[in-house]
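Below is one structure, written out as C-alpha coordinates; comments come after it.
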Amino acid sequence: MINSIQYLRGLAAVLVVYYHATIKSVQNNLPAAEVFNFGQAGVDLFFIISGFIICFSTDKHTFSAPRFLKSRVLRIIPLYWFFTLLALLVFLVVPNLVNSSGGETVIWKSFFLVPTEDKYLVRNGWTLSYEFYFYFIFALFAVFFIKRSLVFLPLLLLALIGCFNNAHFYFDSYLIEFAMGVISFIMYKNKVAVKYNLILLFFMFFSLLAMHLLEVDSVVFYYAFIMWFIFHGSLVLEQLIKVSKLQSFKNLLFKLGDSSYSLYLSHAFTLVVLNKIMLLIMPNVGKELYLFLLTFISIIVGHLVYVLIELKLNSYCKKLFN
(Lines give C-alpha, C1' and ligand atoms only; values in the text may rest on other atoms or scores of the structure.)
Protein backbone atom coordinates (compact mmCIF):
# COMPACT_ATOMS: atom_id res chain seq x y z
CA MET A 1 0.00 0.00 0.00
CA ILE A 2 1.22 3.51 -0.84
CA ASN A 3 1.50 5.44 2.42
CA SER A 4 -0.02 8.71 1.22
CA ILE A 5 -3.11 6.91 -0.08
CA GLN A 6 -3.53 5.11 3.24
CA TYR A 7 -3.42 8.46 5.05
CA LEU A 8 -5.89 10.03 2.61
CA ARG A 9 -8.36 7.19 3.17
CA GLY A 10 -8.39 8.11 6.84
CA LEU A 11 -8.74 11.82 6.01
CA ALA A 12 -11.71 11.09 3.71
CA ALA A 13 -13.52 9.14 6.44
CA VAL A 14 -12.89 11.81 9.07
CA LEU A 15 -14.18 14.55 6.76
CA VAL A 16 -17.46 12.66 6.30
CA VAL A 17 -17.78 11.98 10.05
CA TYR A 18 -17.16 15.63 10.92
CA TYR A 19 -19.64 16.78 8.27
CA HIS A 20 -22.38 14.59 9.73
CA ALA A 21 -21.45 15.68 13.27
CA THR A 22 -21.94 19.34 12.29
CA ILE A 23 -25.37 18.46 10.87
CA LYS A 24 -26.26 17.04 14.28
CA SER A 25 -25.01 20.22 15.97
CA VAL A 26 -27.27 22.36 13.77
CA GLN A 27 -30.25 20.09 14.38
CA ASN A 28 -29.68 20.52 18.12
CA ASN A 29 -29.48 24.32 17.74
CA LEU A 30 -26.11 24.56 19.44
CA PRO A 31 -24.82 28.16 19.63
CA ALA A 32 -22.96 29.24 16.46
CA ALA A 33 -23.44 25.78 14.93
CA GLU A 34 -23.14 25.53 11.16
CA VAL A 35 -22.81 22.70 8.66
CA PHE A 36 -19.27 21.98 7.47
CA ASN A 37 -20.29 21.39 3.86
CA PHE A 38 -16.75 20.74 2.67
CA GLY A 39 -16.87 17.49 4.65
CA GLN A 40 -18.90 16.05 1.77
CA ALA A 41 -15.69 16.14 -0.26
CA GLY A 42 -14.55 13.08 1.70
CA VAL A 43 -16.81 11.02 -0.57
CA ASP A 44 -15.19 12.57 -3.66
CA LEU A 45 -11.77 11.64 -2.28
CA PHE A 46 -12.94 8.06 -1.69
CA PHE A 47 -14.02 7.76 -5.34
CA ILE A 48 -10.69 9.10 -6.61
CA ILE A 49 -8.81 6.66 -4.37
CA SER A 50 -10.97 3.81 -5.70
CA GLY A 51 -10.13 4.68 -9.30
CA PHE A 52 -6.43 4.47 -8.44
CA ILE A 53 -6.51 1.44 -6.15
CA ILE A 54 -8.55 -0.79 -8.45
CA CYS A 55 -6.00 -0.22 -11.23
CA PHE A 56 -3.07 -0.58 -8.81
CA SER A 57 -4.30 -3.82 -7.21
CA THR A 58 -5.03 -5.57 -10.52
CA ASP A 59 -2.05 -4.29 -12.50
CA LYS A 60 0.41 -7.15 -11.93
CA HIS A 61 -2.07 -10.02 -11.92
CA THR A 62 -3.76 -12.02 -14.63
CA PHE A 63 -7.21 -10.46 -14.81
CA SER A 64 -10.40 -12.46 -14.42
CA ALA A 65 -13.63 -10.45 -14.33
CA PRO A 66 -15.57 -13.01 -12.22
CA ARG A 67 -12.69 -13.32 -9.75
CA PHE A 68 -12.29 -9.55 -9.58
CA LEU A 69 -15.99 -8.90 -8.95
CA LYS A 70 -16.12 -11.71 -6.41
CA SER A 71 -13.19 -10.19 -4.51
CA ARG A 72 -14.88 -6.79 -4.43
CA VAL A 73 -18.12 -8.31 -3.12
CA LEU A 74 -16.24 -10.18 -0.38
CA ARG A 75 -14.40 -6.97 0.54
CA ILE A 76 -17.38 -4.60 0.62
CA ILE A 77 -20.58 -6.52 1.31
CA PRO A 78 -20.00 -8.44 4.60
CA LEU A 79 -19.56 -5.37 6.80
CA TYR A 80 -22.15 -3.43 4.84
CA TRP A 81 -24.72 -6.20 5.34
CA PHE A 82 -23.81 -6.37 9.03
CA PHE A 83 -24.76 -2.73 9.50
CA THR A 84 -27.74 -3.00 7.13
CA LEU A 85 -29.14 -5.86 9.24
CA LEU A 86 -28.51 -3.81 12.38
CA ALA A 87 -30.32 -0.84 10.83
CA LEU A 88 -33.19 -3.11 9.76
CA LEU A 89 -33.67 -4.30 13.34
CA VAL A 90 -33.74 -0.69 14.53
CA PHE A 91 -36.12 0.23 11.70
CA LEU A 92 -38.55 -2.55 12.62
CA VAL A 93 -38.55 -1.59 16.31
CA VAL A 94 -38.18 2.21 16.19
CA PRO A 95 -38.68 3.38 12.57
CA ASN A 96 -38.12 7.05 13.40
CA LEU A 97 -34.48 6.43 14.32
CA VAL A 98 -33.60 5.40 10.75
CA ASN A 99 -33.43 8.25 8.24
CA SER A 100 -35.02 10.60 10.74
CA SER A 101 -34.64 13.53 8.33
CA GLY A 102 -37.45 12.12 6.18
CA GLY A 103 -37.90 10.27 2.92
CA GLU A 104 -38.85 6.69 2.12
CA THR A 105 -36.55 3.95 3.38
CA VAL A 106 -36.20 0.97 1.04
CA ILE A 107 -35.22 -2.47 2.32
CA TRP A 108 -34.36 -4.92 -0.45
CA LYS A 109 -32.69 -2.19 -2.50
CA SER A 110 -30.59 -1.40 0.57
CA PHE A 111 -29.17 -4.91 0.71
CA PHE A 112 -28.38 -5.14 -3.00
CA LEU A 113 -27.36 -1.49 -3.50
CA VAL A 114 -29.88 -0.98 -6.28
CA PRO A 115 -29.67 2.66 -7.46
CA THR A 116 -32.63 4.62 -6.13
CA GLU A 117 -33.67 8.12 -5.15
CA ASP A 118 -35.06 6.72 -1.89
CA LYS A 119 -32.90 6.13 1.17
CA TYR A 120 -31.05 2.97 2.14
CA LEU A 121 -31.21 1.56 5.66
CA VAL A 122 -27.56 2.59 5.93
CA ARG A 123 -27.78 5.94 4.25
CA ASN A 124 -24.09 6.04 3.29
CA GLY A 125 -24.70 2.99 1.12
CA TRP A 126 -25.48 5.18 -1.89
CA THR A 127 -21.75 5.67 -2.40
CA LEU A 128 -21.23 1.90 -2.57
CA SER A 129 -23.69 1.80 -5.47
CA TYR A 130 -21.30 4.03 -7.42
CA GLU A 131 -18.35 1.90 -6.31
CA PHE A 132 -19.90 -1.28 -7.69
CA TYR A 133 -20.95 0.47 -10.87
CA PHE A 134 -17.33 1.48 -11.42
CA TYR A 135 -16.18 -2.09 -10.65
CA PHE A 136 -18.59 -3.39 -13.29
CA ILE A 137 -17.36 -0.86 -15.88
CA PHE A 138 -13.75 -1.71 -15.04
CA ALA A 139 -14.40 -5.46 -15.34
CA LEU A 140 -16.08 -5.10 -18.74
CA PHE A 141 -13.34 -2.78 -19.95
CA ALA A 142 -10.62 -5.19 -18.83
CA VAL A 143 -12.32 -8.08 -20.62
CA PHE A 144 -12.55 -6.30 -23.97
CA PHE A 145 -9.34 -4.24 -23.90
CA ILE A 146 -5.77 -5.19 -23.13
CA LYS A 147 -4.09 -3.50 -20.19
CA ARG A 148 -2.04 -1.21 -22.45
CA SER A 149 -5.33 0.44 -23.38
CA LEU A 150 -6.04 1.55 -19.80
CA VAL A 151 -5.71 5.14 -21.01
CA PHE A 152 -9.07 4.72 -22.75
CA LEU A 153 -10.89 3.95 -19.48
CA PRO A 154 -10.99 7.60 -18.30
CA LEU A 155 -12.19 8.57 -21.79
CA LEU A 156 -15.01 6.04 -21.52
CA LEU A 157 -16.04 7.37 -18.10
CA LEU A 158 -15.95 10.96 -19.34
CA ALA A 159 -17.95 9.99 -22.43
CA LEU A 160 -20.67 8.50 -20.24
CA ILE A 161 -20.97 11.84 -18.44
CA GLY A 162 -20.74 14.06 -21.53
CA CYS A 163 -22.93 12.11 -23.93
CA PHE A 164 -25.84 11.72 -21.57
CA ASN A 165 -25.58 15.06 -19.76
CA ASN A 166 -25.66 13.72 -16.19
CA ALA A 167 -29.22 12.51 -16.78
CA HIS A 168 -29.19 9.42 -14.61
CA PHE A 169 -27.25 7.44 -11.99
CA TYR A 170 -25.42 5.55 -14.75
CA PHE A 171 -24.19 8.79 -16.34
CA ASP A 172 -23.56 10.79 -13.18
CA SER A 173 -20.84 13.39 -12.67
CA TYR A 174 -19.30 11.24 -9.93
CA LEU A 175 -17.79 9.06 -12.66
CA ILE A 176 -15.25 11.80 -13.33
CA GLU A 177 -13.69 11.11 -9.93
CA PHE A 178 -12.99 7.47 -10.74
CA ALA A 179 -11.49 8.70 -14.03
CA MET A 180 -9.23 11.06 -12.08
CA GLY A 181 -7.94 8.16 -9.99
CA VAL A 182 -7.24 6.11 -13.12
CA ILE A 183 -5.31 9.01 -14.70
CA SER A 184 -3.20 9.38 -11.56
CA PHE A 185 -2.46 5.64 -11.63
CA ILE A 186 -1.38 5.73 -15.29
CA MET A 187 1.06 8.54 -14.52
CA TYR A 188 2.27 6.80 -11.34
CA LYS A 189 2.79 3.44 -13.07
CA ASN A 190 4.70 4.95 -15.99
CA LYS A 191 6.83 7.11 -13.68
CA VAL A 192 5.97 10.25 -15.60
CA ALA A 193 8.52 13.04 -15.12
CA VAL A 194 7.92 15.51 -12.32
CA LYS A 195 7.46 18.43 -14.71
CA TYR A 196 4.46 16.72 -16.34
CA ASN A 197 2.97 15.98 -12.92
CA LEU A 198 3.37 19.65 -12.08
CA ILE A 199 1.65 20.59 -15.34
CA LEU A 200 -1.30 18.38 -14.35
CA LEU A 201 -1.41 19.98 -10.89
CA PHE A 202 -1.41 23.45 -12.47
CA PHE A 203 -4.26 22.31 -14.72
CA MET A 204 -6.25 21.29 -11.64
CA PHE A 205 -5.50 24.59 -9.94
CA PHE A 206 -6.55 26.71 -12.92
CA SER A 207 -9.65 24.56 -13.41
CA LEU A 208 -10.65 25.37 -9.85
CA LEU A 209 -9.91 29.04 -10.42
CA ALA A 210 -11.99 29.06 -13.62
CA MET A 211 -14.91 27.33 -11.90
CA HIS A 212 -14.78 29.92 -9.14
CA LEU A 213 -14.60 32.91 -11.49
CA LEU A 214 -17.29 31.55 -13.80
CA GLU A 215 -19.42 30.57 -10.80
CA VAL A 216 -19.89 27.05 -12.13
CA ASP A 217 -22.85 25.54 -10.30
CA SER A 218 -21.46 22.05 -9.74
CA VAL A 219 -20.34 21.09 -6.26
CA VAL A 220 -19.30 17.65 -7.53
CA PHE A 221 -16.81 19.04 -10.06
CA TYR A 222 -15.53 21.67 -7.63
CA TYR A 223 -14.87 19.16 -4.83
CA ALA A 224 -13.54 16.64 -7.36
CA PHE A 225 -10.78 18.96 -8.55
CA ILE A 226 -9.86 20.00 -5.00
CA MET A 227 -9.54 16.40 -3.90
CA TRP A 228 -7.71 15.34 -7.05
CA PHE A 229 -5.21 18.15 -6.45
CA ILE A 230 -4.65 16.88 -2.89
CA PHE A 231 -4.52 13.22 -3.97
CA HIS A 232 -2.18 13.59 -6.94
CA GLY A 233 -0.04 16.12 -5.12
CA SER A 234 0.41 13.64 -2.26
CA LEU A 235 1.50 10.93 -4.71
CA VAL A 236 4.08 13.23 -6.26
CA LEU A 237 5.41 14.38 -2.87
CA GLU A 238 5.75 10.82 -1.61
CA GLN A 239 7.88 9.94 -4.63
CA LEU A 240 10.08 13.00 -4.11
CA ILE A 241 10.36 13.11 -0.31
CA LYS A 242 11.01 10.24 2.07
CA VAL A 243 10.15 11.36 5.61
CA SER A 244 11.23 9.08 8.46
CA LYS A 245 10.36 11.37 11.38
CA LEU A 246 7.14 11.32 13.39
CA GLN A 247 6.89 7.55 12.94
CA SER A 248 4.36 7.08 15.77
CA PHE A 249 2.08 9.72 14.22
CA LYS A 250 2.40 8.03 10.82
CA ASN A 251 1.44 4.71 12.41
CA LEU A 252 -1.72 6.29 13.81
CA LEU A 253 -2.59 7.69 10.40
CA PHE A 254 -1.94 4.29 8.84
CA LYS A 255 -4.29 2.61 11.33
CA LEU A 256 -6.90 5.27 10.63
CA GLY A 257 -6.61 4.41 6.95
CA ASP A 258 -6.99 0.70 7.74
CA SER A 259 -10.22 1.31 9.65
CA SER A 260 -11.62 3.95 7.27
CA TYR A 261 -14.29 1.66 5.81
CA SER A 262 -15.46 0.55 9.25
CA LEU A 263 -15.50 4.17 10.37
CA TYR A 264 -17.44 5.21 7.28
CA LEU A 265 -20.19 2.63 7.88
CA SER A 266 -20.33 2.72 11.68
CA HIS A 267 -20.24 6.44 12.36
CA ALA A 268 -23.91 7.05 11.58
CA PHE A 269 -24.87 4.66 14.39
CA THR A 270 -22.25 6.10 16.72
CA LEU A 271 -23.38 9.68 16.12
CA VAL A 272 -27.03 8.87 16.85
CA VAL A 273 -26.18 7.22 20.18
CA LEU A 274 -23.58 9.81 21.23
CA ASN A 275 -25.89 12.67 20.32
CA LYS A 276 -28.62 11.39 22.64
CA ILE A 277 -26.17 10.66 25.47
CA MET A 278 -24.53 14.08 25.27
CA LEU A 279 -27.82 15.96 25.20
CA LEU A 280 -28.91 13.97 28.24
CA ILE A 281 -25.81 14.41 30.41
CA MET A 282 -24.46 17.68 28.93
CA PRO A 283 -27.50 19.69 27.75
CA ASN A 284 -25.51 22.94 27.59
CA VAL A 285 -22.45 21.54 25.83
CA GLY A 286 -20.53 23.94 23.61
CA LYS A 287 -20.25 23.38 19.87
CA GLU A 288 -16.48 22.78 19.89
CA LEU A 289 -16.54 20.13 22.63
CA TYR A 290 -19.62 18.51 21.09
CA LEU A 291 -17.99 18.17 17.66
CA PHE A 292 -14.67 16.99 19.10
CA LEU A 293 -16.24 14.25 21.20
CA LEU A 294 -18.55 13.04 18.44
CA THR A 295 -15.71 12.90 15.92
CA PHE A 296 -13.08 11.44 18.24
CA ILE A 297 -15.31 8.74 19.74
CA SER A 298 -16.59 7.82 16.27
CA ILE A 299 -12.97 7.25 15.20
CA ILE A 300 -12.36 5.01 18.24
CA VAL A 301 -15.55 3.02 17.61
CA GLY A 302 -14.65 2.72 13.92
CA HIS A 303 -11.27 1.21 14.80
CA LEU A 304 -12.89 -1.24 17.24
CA VAL A 305 -15.38 -2.26 14.55
CA TYR A 306 -12.45 -2.83 12.18
CA VAL A 307 -10.53 -5.01 14.63
CA LEU A 308 -13.42 -6.90 16.21
CA ILE A 309 -15.86 -7.22 13.30
CA GLU A 310 -14.57 -6.28 9.84
CA LEU A 311 -11.36 -8.34 9.91
CA LYS A 312 -13.12 -11.40 11.30
CA LEU A 313 -16.09 -11.10 8.94
CA ASN A 314 -13.84 -10.76 5.89
CA SER A 315 -11.68 -13.68 6.97
CA TYR A 316 -14.73 -15.89 7.53
CA CYS A 317 -16.33 -14.96 4.22
CA LYS A 318 -13.13 -15.58 2.27
CA LYS A 319 -12.81 -19.04 3.81
CA LEU A 320 -16.49 -19.76 3.17
CA PHE A 321 -16.57 -18.69 -0.48
CA ASN A 322 -13.06 -19.66 -1.53
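Residues in the C-alpha coordinates are numbered from 1 in each chain, the chains being A, B, ... in the order shown, and ligands are numbered from 1 in the order shown.
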
Determine, counting only C-alpha atoms, which protein, DNA and RNA residues have an atom within 12 Å of an atom of A:His232; residues of the same chain fewer than 2 positions away are not included. Present the result as a ChimeraX atom specification.
/A:4-5,8,45,48-49,52,180-188,194,196-205,224-230,234-239

Nearby residues (only C-alpha atoms) at most 9 Å from stretch 262-271 of chain A, same-chain spacing under 2 positions excluded, as a count of residues only
39

Which residues are close to A:Phe112, i.e. within 12 Å by only C-alpha atoms, leaving aside same-chain residues fewer than 2 positions away? Reply as a short mmCIF file (atom, residue, chain, number, x, y, z; two decimals) with N, CA and C atoms, in the first residue's frame.
```cif
data_model
loop_
_atom_site.label_atom_id
_atom_site.label_comp_id
_atom_site.auth_asym_id
_atom_site.auth_seq_id
_atom_site.Cartn_x
_atom_site.Cartn_y
_atom_site.Cartn_z
N VAL A 73 -16.94 -7.99 -3.94
CA VAL A 73 -18.12 -8.31 -3.12
C VAL A 73 -17.69 -8.77 -1.73
N ILE A 76 -16.46 -5.69 0.30
CA ILE A 76 -17.38 -4.60 0.62
C ILE A 76 -18.65 -5.07 1.35
N ILE A 77 -19.24 -6.16 0.88
CA ILE A 77 -20.58 -6.52 1.31
C ILE A 77 -20.69 -7.04 2.74
N PRO A 78 -19.79 -7.89 3.25
CA PRO A 78 -20.00 -8.44 4.60
C PRO A 78 -20.24 -7.38 5.67
N TYR A 80 -20.98 -4.24 5.21
CA TYR A 80 -22.15 -3.43 4.84
C TYR A 80 -23.44 -4.15 5.22
N TRP A 81 -23.53 -5.44 4.96
CA TRP A 81 -24.72 -6.20 5.34
C TRP A 81 -24.87 -6.29 6.86
N THR A 84 -26.40 -3.07 7.72
CA THR A 84 -27.74 -3.00 7.13
C THR A 84 -28.72 -3.83 7.94
N VAL A 106 -35.99 2.20 1.80
CA VAL A 106 -36.20 0.97 1.04
C VAL A 106 -35.36 -0.15 1.65
N ILE A 107 -35.89 -1.36 1.64
CA ILE A 107 -35.22 -2.47 2.32
C ILE A 107 -34.42 -3.34 1.36
N TRP A 108 -35.09 -3.99 0.41
CA TRP A 108 -34.36 -4.92 -0.45
C TRP A 108 -33.34 -4.20 -1.32
N LYS A 109 -33.67 -2.97 -1.73
CA LYS A 109 -32.69 -2.19 -2.50
C LYS A 109 -31.48 -1.84 -1.64
N SER A 110 -31.69 -1.69 -0.33
CA SER A 110 -30.59 -1.40 0.57
C SER A 110 -29.57 -2.53 0.57
N VAL A 114 -29.21 -1.35 -5.04
CA VAL A 114 -29.88 -0.98 -6.28
C VAL A 114 -30.02 0.54 -6.32
N PRO A 115 -29.56 1.19 -7.39
CA PRO A 115 -29.67 2.66 -7.46
C PRO A 115 -31.12 3.12 -7.27
N THR A 116 -31.29 4.12 -6.43
CA THR A 116 -32.63 4.62 -6.13
C THR A 116 -32.54 6.04 -5.60
N TYR A 120 -31.40 4.30 1.66
CA TYR A 120 -31.05 2.97 2.14
C TYR A 120 -31.16 2.93 3.66
N LEU A 121 -31.22 1.72 4.20
CA LEU A 121 -31.21 1.56 5.66
C LEU A 121 -29.93 2.16 6.25
N VAL A 122 -28.81 1.90 5.60
CA VAL A 122 -27.56 2.59 5.93
C VAL A 122 -27.40 3.66 4.86
N GLY A 125 -24.82 4.03 2.13
CA GLY A 125 -24.70 2.99 1.12
C GLY A 125 -24.80 3.48 -0.31
N TRP A 126 -25.35 4.67 -0.51
CA TRP A 126 -25.48 5.18 -1.89
C TRP A 126 -24.11 5.29 -2.56
N LEU A 128 -21.65 3.25 -2.17
CA LEU A 128 -21.23 1.90 -2.57
C LEU A 128 -21.89 1.50 -3.88
N SER A 129 -23.07 2.05 -4.17
CA SER A 129 -23.69 1.80 -5.47
C SER A 129 -22.80 2.30 -6.60
N PHE A 132 -19.67 -0.04 -6.95
CA PHE A 132 -19.90 -1.28 -7.69
C PHE A 132 -20.17 -1.01 -9.17
#
```

I'd like the neighbourhood of A:Asp44 as a short mmCIF file (atom, residue, chain, number, x, y, z; two decimals) with N, CA and C atoms, in the first residue's frame, where a residue qualifies if any of its atoms comes within 8 Å (using only C-alpha atoms), though same-chain residues fewer than 2 positions away should be ignored.
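Result went into out-v4.cif, see below:
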```cif
data_model
loop_
_atom_site.label_atom_id
_atom_site.label_comp_id
_atom_site.auth_asym_id
_atom_site.auth_seq_id
_atom_site.Cartn_x
_atom_site.Cartn_y
_atom_site.Cartn_z
N GLN A 40 -18.36 16.94 2.81
CA GLN A 40 -18.90 16.05 1.77
C GLN A 40 -17.82 15.62 0.79
N ALA A 41 -16.77 16.44 0.69
CA ALA A 41 -15.69 16.14 -0.26
C ALA A 41 -14.95 14.85 0.10
N GLY A 42 -15.15 14.36 1.33
CA GLY A 42 -14.55 13.08 1.70
C GLY A 42 -15.01 11.97 0.78
N PHE A 46 -12.80 9.52 -1.66
CA PHE A 46 -12.94 8.06 -1.69
C PHE A 46 -13.05 7.54 -3.12
N PHE A 47 -13.83 8.21 -3.96
CA PHE A 47 -14.02 7.76 -5.34
C PHE A 47 -12.72 7.86 -6.13
N ILE A 48 -11.97 8.95 -5.92
CA ILE A 48 -10.69 9.10 -6.61
C ILE A 48 -9.72 8.00 -6.19
N TYR A 174 -20.24 11.90 -10.83
CA TYR A 174 -19.30 11.24 -9.93
C TYR A 174 -18.32 10.34 -10.69
N GLU A 177 -14.64 11.30 -11.03
CA GLU A 177 -13.69 11.11 -9.93
C GLU A 177 -12.97 9.77 -10.04
N VAL A 220 -20.03 18.89 -7.26
CA VAL A 220 -19.30 17.65 -7.53
C VAL A 220 -17.98 17.95 -8.25
N TYR A 223 -15.51 20.01 -5.84
CA TYR A 223 -14.87 19.16 -4.83
C TYR A 223 -13.95 18.14 -5.49
N ALA A 224 -14.35 17.65 -6.66
CA ALA A 224 -13.54 16.64 -7.36
C ALA A 224 -12.15 17.18 -7.67
N MET A 227 -10.03 17.66 -4.44
CA MET A 227 -9.54 16.40 -3.90
C MET A 227 -8.53 15.72 -4.82
#
```
